[in-house]
file work-v8.csv (CSV, C-alpha atoms and all ligand atoms)
chain,number,residue,atom,x,y,z
J,1064,MET,CA,-46.9,125.3,1.0
J,1065,GLU,CA,-43.6,127.2,1.6
J,1066,PRO,CA,-40.7,126.5,1.5
J,1067,TRP,CA,-41.6,123.2,-0.2
J,1068,TYR,CA,-43.4,124.8,-3.2
J,1069,GLY,CA,-40.6,127.3,-3.9
J,1070,ASN,CA,-37.9,124.6,-3.6
J,1071,LEU,CA,-39.7,122.4,-6.0
J,1072,GLN,CA,-40.1,125.2,-8.5
J,1073,ASN,CA,-36.4,126.0,-8.3
J,1074,TYR,CA,-35.6,122.3,-8.7
J,1075,TYR,CA,-37.6,122.1,-12.0
J,1076,LYS,CA,-36.3,125.5,-13.2
J,1077,GLN,CA,-32.7,124.1,-12.9
J,1078,LYS,CA,-33.5,120.8,-14.6
J,1079,LEU,CA,-35.5,122.4,-17.5
J,1080,ALA,CA,-32.9,125.2,-18.1
J,1081,SER,CA,-31.0,122.7,-20.3
J,1082,GLY,CA,-33.9,122.7,-22.7
J,1083,LEU,CA,-35.2,119.3,-21.6
J,1084,LYS,CA,-38.6,118.6,-23.3
J,1085,ARG,CA,-39.4,115.2,-22.0
J,1086,LEU,CA,-39.4,113.7,-18.6
J,1087,ILE,CA,-41.1,111.0,-16.5
J,1088,ILE,CA,-42.6,111.3,-13.1
J,1089,ASP,CA,-42.9,108.3,-10.8
J,1090,TYR,CA,-46.5,107.7,-9.7
J,1091,GLU,CA,-46.5,104.9,-7.2
J,1092,PRO,CA,-49.1,105.5,-4.5
J,1093,PRO,CA,-47.7,104.2,-1.1
J,1094,VAL,CA,-50.8,102.3,-0.3
J,1095,PHE,CA,-49.4,100.3,2.6
J,1096,ASN,CA,-47.5,102.4,5.1
J,1097,VAL,CA,-48.2,106.1,5.1
J,1098,CYS,CA,-49.6,108.4,6.3
J,1099,PHE,CA,-51.6,108.1,9.5
J,1100,CYS,CA,-51.4,111.6,10.8
J,1101,GLU,CA,-54.5,113.3,12.2
J,1102,ARG,CA,-54.9,115.5,9.1
J,1103,CYS,CA,-54.8,112.6,6.7
J,1104,ARG,CA,-57.2,110.5,8.8
J,1105,LYS,CA,-59.7,113.4,8.9
J,1106,VAL,CA,-59.6,113.9,5.2
J,1107,PHE,CA,-60.0,110.1,4.7
J,1108,ALA,CA,-63.1,110.0,6.9
J,1109,GLU,CA,-64.6,113.0,5.1
J,1110,ARG,CA,-63.9,111.7,1.7
J,1111,PHE,CA,-65.7,108.4,2.2
J,1112,SER,CA,-68.2,109.6,4.9
J,1113,LEU,CA,-66.8,107.2,7.5
J,1114,PRO,CA,-67.1,107.7,11.3
J,1115,VAL,CA,-64.5,110.3,12.2
J,1116,ASP,CA,-63.8,109.0,15.7
J,1117,GLU,CA,-63.0,105.5,14.4
J,1118,CYS,CA,-60.8,106.8,11.6
J,1119,LEU,CA,-58.9,108.9,14.1
J,1120,SER,CA,-58.4,106.2,16.7
J,1121,LEU,CA,-57.9,102.8,14.9
J,1122,PRO,CA,-54.3,101.6,14.7
J,1123,PRO,CA,-53.0,101.9,11.2
J,1124,LYS,CA,-53.1,98.2,10.4
J,1125,GLU,CA,-56.7,97.9,11.5
J,1126,LEU,CA,-57.8,101.0,9.7
J,1127,GLN,CA,-56.3,99.6,6.4
J,1128,ALA,CA,-57.8,96.2,7.0
J,1129,LYS,CA,-61.3,97.5,7.7
J,1130,TYR,CA,-61.4,100.0,4.8
J,1131,ARG,CA,-59.1,98.3,2.4
J,1132,GLU,CA,-60.5,99.5,-0.8
J,1133,GLN,CA,-61.2,103.1,0.4
J,1134,TRP,CA,-57.7,103.4,1.9
J,1135,GLY,CA,-56.2,102.4,-1.5
J,1136,GLN,CA,-58.3,104.9,-3.3
J,1137,PHE,CA,-57.5,107.6,-0.8
J,1138,ARG,CA,-53.7,107.0,-1.1
J,1139,ALA,CA,-53.9,106.9,-4.9
J,1140,TRP,CA,-55.9,110.2,-4.9
J,1141,GLN,CA,-53.6,112.0,-2.5
J,1142,ASN,CA,-50.5,110.9,-4.3
J,1143,GLY,CA,-52.2,111.9,-7.5
J,1144,GLN,CA,-52.7,115.4,-6.2
J,1145,ILE,CA,-49.0,115.7,-5.7
J,1146,VAL,CA,-48.3,114.4,-9.3
J,1147,LYS,CA,-50.8,117.0,-10.7
J,1148,LEU,CA,-49.0,119.7,-8.7
J,1149,HIS,CA,-45.7,118.7,-10.1
J,1150,CYS,CA,-47.1,118.8,-13.7
J,1151,ALA,CA,-48.6,122.2,-13.1
J,1152,ILE,CA,-45.2,123.6,-11.8
J,1153,ILE,CA,-43.4,122.1,-14.8
J,1154,HIS,CA,-45.9,123.4,-17.3
J,1155,ALA,CA,-45.8,126.9,-15.7
J,1156,ILE,CA,-42.1,127.0,-16.4
J,1157,ASP,CA,-42.3,125.5,-19.9
J,1158,PRO,CA,-45.7,124.5,-21.4
J,1159,GLU,CA,-44.0,122.4,-24.1
J,1160,VAL,CA,-42.5,119.8,-21.8
J,1161,ASN,CA,-44.0,116.4,-22.3
J,1162,VAL,CA,-44.5,114.8,-18.9
J,1163,GLY,CA,-44.8,111.1,-18.8
J,1164,LEU,CA,-46.1,109.0,-15.9
J,1165,CYS,CA,-44.3,106.0,-14.7
J,1166,SER,CA,-47.2,104.2,-13.1
J,1167,TRP,CA,-49.2,101.2,-12.4
J,1168,ARG,CA,-50.6,99.3,-15.3
J,1169,GLY,CA,-53.7,100.9,-16.8
J,1170,THR,CA,-56.1,98.0,-16.2
J,1171,GLU,CA,-59.6,98.0,-14.8
J,1172,ALA,CA,-58.2,96.1,-11.7
J,1173,SER,CA,-55.7,98.9,-11.0
J,1174,ALA,CA,-58.4,101.6,-11.5
J,1175,ARG,CA,-60.6,99.8,-9.0
J,1176,SER,CA,-57.9,100.1,-6.4
J,1177,GLY,CA,-57.8,103.9,-7.1
J,1178,ALA,CA,-54.7,104.0,-9.3
J,1179,ASP,CA,-56.4,104.9,-12.6
J,1180,ILE,CA,-53.8,106.3,-15.0
J,1181,ARG,CA,-56.7,108.1,-16.8
J,1182,LEU,CA,-56.9,110.5,-13.8
J,1183,PHE,CA,-53.8,112.1,-15.2
J,1184,GLU,CA,-55.0,113.1,-18.6
J,1185,PRO,CA,-54.4,115.6,-20.0
J,1186,GLU,CA,-51.5,116.3,-17.6
J,1187,ALA,CA,-49.6,113.2,-18.7
J,1188,ALA,CA,-48.5,113.4,-22.3
J,1189,PHE,CA,-47.7,109.7,-22.2
J,1190,HIS,CA,-48.0,106.7,-19.9
J,1191,ALA,CA,-45.0,104.5,-18.9
J,1192,PRO,CA,-46.7,101.7,-16.9
J,1193,MET,CA,-44.5,99.3,-15.1
J,1194,ILE,CA,-45.5,95.9,-16.5
J,1195,TYR,CA,-42.8,93.8,-15.1
J,1196,THR,CA,-43.8,90.5,-16.5
J,1197,PHE,CA,-43.8,88.5,-19.7
J,1198,GLY,CA,-45.9,86.1,-21.8
J,1199,LEU,CA,-49.7,86.2,-21.8
J,1200,SER,CA,-49.7,88.1,-18.5
J,1201,TYR,CA,-47.7,91.0,-20.1
J,1202,HIS,CA,-49.8,90.8,-23.3
J,1203,ASP,CA,-53.1,91.1,-21.6
J,1204,ALA,CA,-52.0,93.9,-19.3
J,1205,VAL,CA,-50.5,96.0,-22.1
J,1206,GLN,CA,-53.4,95.4,-24.4
J,1207,GLU,CA,-55.9,96.5,-21.8
J,1208,THR,CA,-53.8,99.5,-20.8
J,1209,CYS,CA,-53.5,100.7,-24.5
J,1210,ALA,CA,-57.3,100.2,-25.0
J,1211,ARG,CA,-58.2,102.2,-21.9
J,1212,THR,CA,-56.3,105.4,-22.8
J,1213,THR,CA,-55.9,107.7,-25.7
J,1214,ALA,CA,-52.5,108.9,-24.6
J,1215,PRO,CA,-49.4,107.1,-26.0
J,1216,VAL,CA,-48.3,104.0,-23.9
J,1217,LEU,CA,-44.6,103.2,-23.6
J,1218,PRO,CA,-44.4,100.5,-20.9
J,1219,PHE,CA,-41.4,99.9,-18.7
J,1220,ILE,CA,-40.1,96.4,-19.3
J,1221,GLU,CA,-37.9,94.8,-16.7
J,1222,LEU,CA,-35.1,92.9,-18.5
J,1223,ALA,CA,-33.0,92.1,-15.5
J,1224,ASP,CA,-33.9,89.8,-12.6
J,1225,ILE,CA,-34.3,92.6,-10.1
J,1226,SER,CA,-38.2,92.7,-10.1
J,1227,GLN,CA,-38.7,89.3,-11.6
J,1228,PRO,CA,-37.9,85.7,-10.5
J,1229,ARG,CA,-35.6,85.5,-13.5
J,1230,SER,CA,-34.5,87.7,-16.4
J,1231,LEU,CA,-36.5,87.7,-19.6
J,1232,THR,CA,-35.2,85.4,-22.4
J,1233,PRO,CA,-34.5,87.2,-25.7
J,1234,ASP,CA,-37.6,85.6,-27.2
J,1235,GLU,CA,-39.8,86.7,-24.3
J,1236,LEU,CA,-38.5,90.3,-24.9
J,1237,ARG,CA,-39.4,90.1,-28.5
J,1238,MET,CA,-42.9,88.9,-27.6
J,1239,ASN,CA,-43.3,91.8,-25.1
J,1240,LEU,CA,-42.2,94.3,-27.8
J,1241,LEU,CA,-44.5,92.8,-30.4
J,1242,SER,CA,-47.6,92.8,-28.1
J,1243,THR,CA,-46.8,96.4,-27.1
J,1244,GLY,CA,-46.7,97.5,-30.8
J,1245,LEU,CA,-49.7,95.4,-31.8
J,1246,SER,CA,-51.7,96.9,-28.9
J,1247,GLY,CA,-50.9,100.4,-30.2
J,1248,GLY,CA,-48.1,101.1,-27.8
J,1249,GLY,CA,-45.7,103.9,-28.9
J,1250,GLY,CA,-42.4,102.2,-27.7
J,1251,ALA,CA,-41.0,100.8,-24.5
J,1252,TYR,CA,-38.5,101.7,-21.8
J,1253,MET,CA,-36.2,98.9,-20.8
J,1254,TRP,CA,-34.5,98.4,-17.5
J,1255,VAL,CA,-31.3,96.7,-18.3
J,1256,GLY,CA,-28.8,94.7,-16.3
J,1257,MET,CA,-25.3,93.6,-17.4
J,1258,GLU,CA,-26.7,90.4,-18.9
J,1259,CYS,CA,-29.0,92.3,-21.3
J,1260,PHE,CA,-26.4,93.9,-23.5
J,1261,ASP,CA,-26.0,90.5,-25.0
J,1262,ALA,CA,-26.2,90.5,-28.8
J,1263,GLN,CA,-29.1,88.1,-28.7
J,1264,TYR,CA,-31.2,90.7,-26.9
J,1265,LEU,CA,-30.2,93.5,-29.3
J,1266,GLY,CA,-31.0,91.1,-32.2
J,1267,LYS,CA,-34.4,90.4,-30.9
J,1268,ILE,CA,-35.1,94.1,-30.3
J,1269,ARG,CA,-34.1,94.9,-33.9
J,1270,GLN,CA,-36.3,91.9,-35.1
J,1271,ALA,CA,-39.4,93.0,-33.2
J,1272,VAL,CA,-39.1,96.7,-34.2
J,1273,GLY,CA,-38.7,95.6,-37.9
J,1274,GLU,CA,-41.7,93.3,-37.7
J,1275,ILE,CA,-43.9,96.0,-36.2
J,1276,ALA,CA,-42.7,98.5,-38.9
J,1277,THR,CA,-43.5,96.0,-41.7
J,1278,MET,CA,-47.0,95.4,-40.3
J,1279,ARG,CA,-47.7,99.1,-39.8
J,1280,GLU,CA,-46.4,99.9,-43.2
J,1281,ALA,CA,-48.7,97.3,-44.8
J,1282,VAL,CA,-51.7,99.0,-43.2
J,1283,PRO,CA,-51.2,102.0,-40.8
J,1284,TRP,CA,-52.1,101.1,-37.2
J,1285,SER,CA,-55.4,102.5,-36.1
J,1286,ARG,CA,-57.6,102.2,-33.1
J,1287,ASP,CA,-60.8,101.8,-35.0
J,1288,ALA,CA,-62.3,98.3,-34.8
J,1289,VAL,CA,-62.4,96.2,-37.9
J,1290,ASP,CA,-65.8,94.5,-38.1
J,1291,TRP,CA,-65.4,92.5,-41.3
J,1292,LEU,CA,-62.7,90.1,-40.4
J,1293,GLU,CA,-62.4,87.6,-37.6
J,1294,VAL,CA,-59.9,85.0,-36.3
J,1295,GLN,CA,-61.1,81.5,-35.4
J,1296,ALA,CA,-59.4,78.3,-34.4
J,1297,ALA,CA,-59.0,76.1,-37.4
J,1298,ALA,CA,-60.7,72.7,-37.2
J,1299,ASN,CA,-57.6,70.7,-36.6
J,1300,VAL,CA,-57.8,67.0,-37.2
J,1301,THR,CA,-56.1,65.9,-34.0
J,1302,ARG,CA,-56.5,62.1,-34.5
J,1303,SER,CA,-58.8,59.6,-36.1
J,1304,ILE,CA,-60.5,56.5,-34.8
J,1305,THR,CA,-61.6,53.4,-36.7
J,1306,VAL,CA,-65.2,52.2,-36.4
J,1307,ASP,CA,-66.2,49.0,-38.3
J,1308,GLY,CA,-63.1,49.4,-40.4
J,1309,GLU,CA,-63.9,53.0,-41.3
J,1310,GLU,CA,-61.6,55.8,-40.4
J,1311,ILE,CA,-63.4,58.8,-38.7
J,1312,PRO,CA,-61.5,62.1,-38.1
J,1313,ILE,CA,-61.8,63.7,-34.7
J,1314,TYR,CA,-61.7,67.4,-34.9
J,1315,SER,CA,-60.5,69.9,-32.3
J,1316,ALA,CA,-61.8,73.5,-32.8
J,1317,TYR,CA,-61.7,75.0,-29.4
J,1318,PRO,CA,-60.5,78.5,-28.8
J,1319,GLU,CA,-56.8,78.4,-28.4
J,1320,PRO,CA,-55.8,79.8,-24.9
J,1321,PHE,CA,-52.2,80.4,-25.9
J,1322,VAL,CA,-53.1,82.6,-29.0
J,1323,ARG,CA,-53.9,86.3,-29.1
J,1324,HIS,CA,-54.9,88.2,-32.2
J,1325,HIS,CA,-54.9,91.9,-33.2
J,1326,ILE,CA,-56.8,93.2,-36.2
J,1327,TRP,CA,-56.6,96.8,-37.4
J,1328,GLY,CA,-57.2,98.8,-40.5
J,1329,ALA,CA,-60.3,100.1,-42.4
J,1330,ASP,CA,-62.9,98.9,-44.9
J,1331,ASP,CA,-60.4,98.7,-47.8
J,1332,GLY,CA,-57.6,96.8,-45.9
J,1333,ALA,CA,-56.6,95.3,-42.6
J,1334,VAL,CA,-53.7,93.5,-40.9
J,1335,VAL,CA,-54.4,90.4,-38.9
J,1336,ALA,CA,-51.5,89.6,-36.5
J,1337,LEU,CA,-51.4,86.6,-34.3
J,1338,LEU,CA,-49.1,85.8,-31.4
J,1339,ASN,CA,-48.6,82.3,-30.1
J,1340,TYR,CA,-47.5,82.1,-26.4
J,1341,ASP,CA,-47.0,78.4,-26.4
J,1342,ALA,CA,-43.2,77.8,-26.5
J,1343,GLU,CA,-43.5,74.3,-27.8
J,1344,LYS,CA,-46.5,74.0,-30.1
J,1345,PRO,CA,-47.5,75.7,-33.4
J,1346,TYR,CA,-51.1,76.6,-33.8
J,1347,THR,CA,-53.2,76.9,-36.9
J,1348,MET,CA,-56.0,79.5,-37.1
J,1349,ARG,CA,-58.3,80.8,-39.8
J,1350,VAL,CA,-58.8,84.4,-40.8
J,1351,LYS,CA,-62.4,84.8,-42.1
J,1352,LEU,CA,-64.6,87.3,-43.7
J,1353,ILE,CA,-67.6,87.6,-41.4
J,1354,THR,CA,-69.9,90.0,-43.4
J,1355,ASP,CA,-71.8,89.5,-46.5
J,1356,ARG,CA,-69.8,92.0,-48.5
J,1357,GLU,CA,-68.9,90.8,-52.0
J,1358,GLY,CA,-65.8,91.2,-54.2
J,1359,ALA,CA,-62.3,90.0,-54.4
J,1360,PHE,CA,-59.6,90.2,-51.7
J,1361,GLU,CA,-55.9,90.1,-51.9
J,1362,VAL,CA,-54.3,88.3,-49.0
J,1363,THR,CA,-50.5,88.9,-48.5
J,1364,PRO,CA,-48.7,86.8,-45.9
J,1365,LEU,CA,-46.4,89.2,-44.0
J,1366,PHE,CA,-45.0,86.7,-41.4
J,1367,PRO,CA,-44.0,84.1,-42.2
J,1368,ALA,CA,-43.7,85.5,-45.8
J,1369,THR,CA,-43.2,82.2,-47.4
J,1370,GLN,CA,-46.1,82.5,-49.9
J,1371,PRO,CA,-46.8,85.2,-52.5
J,1372,ALA,CA,-50.0,87.3,-52.3
J,1373,LYS,CA,-53.1,85.5,-53.5
J,1374,THR,CA,-56.6,86.6,-54.5
J,1375,PHE,CA,-59.6,85.2,-52.8
J,1376,THR,CA,-63.3,85.6,-53.7
J,1377,SER,CA,-65.6,86.7,-50.9
J,1378,ALA,CA,-67.0,83.1,-50.6
J,1379,GLU,CA,-63.5,81.7,-50.3
J,1380,LEU,CA,-62.5,84.3,-47.7
J,1381,ARG,CA,-65.7,83.5,-45.7
J,1382,ASP,CA,-64.5,79.9,-45.6
J,1383,GLY,CA,-61.2,81.3,-44.3
J,1384,VAL,CA,-57.5,81.6,-44.9
J,1385,THR,CA,-55.3,79.2,-42.9
J,1386,VAL,CA,-52.5,80.9,-40.9
J,1387,ARG,CA,-49.9,78.9,-39.0
J,1388,ILE,CA,-48.2,80.5,-36.0
J,1389,PRO,CA,-44.8,79.1,-35.0
J,1390,PRO,CA,-44.2,78.3,-31.3
J,1391,GLU,CA,-43.5,81.5,-29.2
J,1392,GLY,CA,-43.9,83.4,-32.4
J,1393,LEU,CA,-45.8,85.7,-34.8
J,1394,ALA,CA,-47.9,85.3,-37.9
J,1395,ALA,CA,-49.5,88.1,-39.8
J,1396,VAL,CA,-51.4,88.7,-43.1
J,1397,ALA,CA,-52.6,91.8,-44.8
J,1398,VAL,CA,-56.1,91.5,-46.4
J,1399,ARG,CA,-57.0,94.2,-49.0
J,1400,SER,CA,-60.0,94.8,-51.1
J,1401,ALA,CA,-59.0,94.0,-54.7
J,1402,ASN,CA,-62.0,95.5,-56.5
U,1501,ZN,ZN,-50.6,112.8,6.8
call {"tool": "encode", "arguments": {"input": "work-v8.csv", "output": "structure tokens"}}
result
Amino acid sequence: MEPWYGNLQNYYKQKLASGLKRLIIDYEPPVFNVCFCERCRKVFAERFSLPVDECLSLPPKELQAKYREQWGQFRAWQNGQIVKLHCAIIHAIDPEVNVGLCSWRGTEASARSGADIRLFEPEAAFHAPMIYTFGLSYHDAVQETCARTTAPVLPFIELADISQPRSLTPDELRMNLLSTGLSGGGGAYMWVGMECFDAQYLGKIRQAVGEIATMREAVPWSRDAVDWLEVQAAANVTRSITVDGEEIPIYSAYPEPFVRHHIWGADDGAVVALLNYDAEKPYTMRVKLITDREGAFEVTPLFPATQPAKTFTSAELRDGVTVRIPPEGLAAVAVRSAN
């Protein structure tokens, strides 16, 4: 371990001497190109009970191709041991330092390849997964990541075009921040390029943070599932046909693939927030009471806040409250028990 261990200890001692209480470690297992030394190959064979001779002799590319999944898991594990050692050294110097992990996304798919961010709990005080995408793909990754961990999630968002085919638009940034907050995320780290200091981006950051604050003030965000409300596609009359001179409406009530919803709260009140990822088309959904509980409910439109609060009977709420979500936008209502 020496002199490596001592050098690392000194490195962190110097860094933490300033009173630093929060830092981020990069956890990116180098799955593809290292390390094929004899010692690593032996440990690899042992770990997955593979033929030792073969693991020692196969050329690197063939070894990786033959045991693709195991190799990924092995690299992630070995890299993870290094991360855990760093955390231990840091906490031995100062137990109060919050170590965050800049990592892969915390999805089931990442976990299957060996890079499960939950392996670093409790060492990691928070997760900062690199979710360098936007739209539905960002939404679904951040939602799954937040759902699979109890540690705070503050994703890295790439604003510049360094890791993406193009830079995010201001509206895409707002949607990323909204989906992070609605999933329970605790914030975000943004990689910025020169183009991102534009006032439009700053305006959208301010807007998204304000919207999240309004929704969380209406009903504090909570992880507990709400089982008495549900969101369904409204039966939209898309067109009508004429049969024997009579006009017959044709309804469309399929699940909307561009819409995602989040519901949180408790028995006495909940917020239902809906995100529309279609940049061109508004969608209409219905928020419905799905249990047989009785009483009155006050429904307050939060976004868009064009209507005053209105009281519904349980029968009316079972029929549903119509919510219209603007293109590439947000809609939200607060539903509170009014008994
Ligand atoms: Zn090695």
call {"tool": "residues_near_point", "arguments": {"input": "work-v8.csv", "point": "(-51.5, 108.8, -25.4)", "cutoff": "10 Å", "atoms": "only C-alpha atoms", "output": "VMD selection string"}}
result
chain J and resid 1163 1184 to 1185 1187 to 1190 1209 1212 to 1217 1247 to 1249
call {"tool": "write_last_selection", "arguments": {"input": "work-v8.csv", "atoms": "C-alpha atoms", "output": "compact mmCIF listing (two decimals), in the coordinates of the input"}}
result
# COMPACT_ATOMS: atom_id res chain seq x y z
CA GLY J 1163 -44.80 111.10 -18.80
CA GLU J 1184 -55.00 113.10 -18.60
CA PRO J 1185 -54.40 115.60 -20.00
CA ALA J 1187 -49.60 113.20 -18.70
CA ALA J 1188 -48.50 113.40 -22.30
CA PHE J 1189 -47.70 109.70 -22.20
CA HIS J 1190 -48.00 106.70 -19.90
CA CYS J 1209 -53.50 100.70 -24.50
CA THR J 1212 -56.30 105.40 -22.80
CA THR J 1213 -55.90 107.70 -25.70
CA ALA J 1214 -52.50 108.90 -24.60
CA PRO J 1215 -49.40 107.10 -26.00
CA VAL J 1216 -48.30 104.00 -23.90
CA LEU J 1217 -44.60 103.20 -23.60
CA GLY J 1247 -50.90 100.40 -30.20
CA GLY J 1248 -48.10 101.10 -27.80
CA GLY J 1249 -45.70 103.90 -28.90
call {"tool": "closest_atom_pairs", "arguments": {"input": "work-v8.csv", "of": "chain J", "to": "ligand ZN 1501 (chain U)", "cutoff": "8 Å", "atoms": "all atoms listed in the file", "output": "JSON lines"}}
result
{"residue": "J:Val1097", "atom": "CA", "partner": "U:ZN1501", "partner_atom": "ZN", "distance": 7.3}
{"residue": "J:Cys1098", "atom": "CA", "partner": "U:ZN1501", "partner_atom": "ZN", "distance": 4.5}
{"residue": "J:Phe1099", "atom": "CA", "partner": "U:ZN1501", "partner_atom": "ZN", "distance": 5.5}
{"residue": "J:Cys1100", "atom": "CA", "partner": "U:ZN1501", "partner_atom": "ZN", "distance": 4.3}
{"residue": "J:Glu1101", "atom": "CA", "partner": "U:ZN1501", "partner_atom": "ZN", "distance": 6.7}
{"residue": "J:Arg1102", "atom": "CA", "partner": "U:ZN1501", "partner_atom": "ZN", "distance": 5.6}
{"residue": "J:Cys1103", "atom": "CA", "partner": "U:ZN1501", "partner_atom": "ZN", "distance": 4.2}
{"residue": "J:Arg1104", "atom": "CA", "partner": "U:ZN1501", "partner_atom": "ZN", "distance": 7.3}
call {"tool": "residues_around", "arguments": {"input": "work-v8.csv", "residues": "Pro1228 (chain J)", "least_positions_apart": "3", "cutoff": "12 Å", "atoms": "all atoms listed in the file", "output": "ChimeraX atom specification"}}
result
/J:1195-1197,1221-1225,1231
call {"tool": "residues_near_point", "arguments": {"input": "work-v8.csv", "point": "(-56.6, 98.3, -9.0)", "cutoff": "12 Å", "atoms": "all atoms listed in the file", "output": "ChimeraX atom specification"}}
result
/J:1092,1094,1131-1133,1135-1136,1139,1166-1180
call {"tool": "closest_residue", "arguments": {"input": "work-v8.csv", "among": "J:Leu1337, J:Ile1088, J:Val1322, J:Leu1199", "to": "Ala1397 (chain J)", "atoms": "only C-alpha atoms"}}
result
J:Leu1337
call {"tool": "residues_around", "arguments": {"input": "work-v8.csv", "residues": "Asn1239 (chain J)", "least_positions_apart": "2", "cutoff": "8 Å", "atoms": "only C-alpha atoms", "output": "ChimeraX atom specification"}}
result
/J:1197-1198,1201-1202,1235-1237,1241-1243
call {"tool": "write_last_selection", "arguments": {"input": "work-v8.csv", "atoms": "C-alpha atoms", "output": "JSON list (two decimals), in the frame of the given file"}}
result
[["chain", "number", "residue", "atom", "x", "y", "z"],
["J", 1197, "PHE", "CA", -43.80, 88.50, -19.70],
["J", 1198, "GLY", "CA", -45.90, 86.10, -21.80],
["J", 1201, "TYR", "CA", -47.70, 91.00, -20.10],
["J", 1202, "HIS", "CA", -49.80, 90.80, -23.30],
["J", 1235, "GLU", "CA", -39.80, 86.70, -24.30],
["J", 1236, "LEU", "CA", -38.50, 90.30, -24.90],
["J", 1237, "ARG", "CA", -39.40, 90.10, -28.50],
["J", 1241, "LEU", "CA", -44.50, 92.80, -30.40],
["J", 1242, "SER", "CA", -47.60, 92.80, -28.10],
["J", 1243, "THR", "CA", -46.80, 96.40, -27.10]]
call {"tool": "closest_residue", "arguments": {"input": "work-v8.csv", "among": "J:Tyr1264, J:Val1272, J:Val1335, J:Ala1372", "to": "Gly1250 (chain J)", "atoms": "only C-alpha atoms"}}
result
J:Val1272
call {"tool": "closest_residue", "arguments": {"input": "work-v8.csv", "among": "J:Val1282, J:Leu1393, J:Ile1153, J:Ala1191", "to": "Arg1323 (chain J)", "atoms": "only C-alpha atoms"}}
result
J:Leu1393
call {"tool": "atom_distance", "arguments": {"input": "work-v8.csv", "atom1": "CA of Phe1375 (chain J)", "atom2": "CA of Arg1286 (chain J)"}}
result
26.1 Å
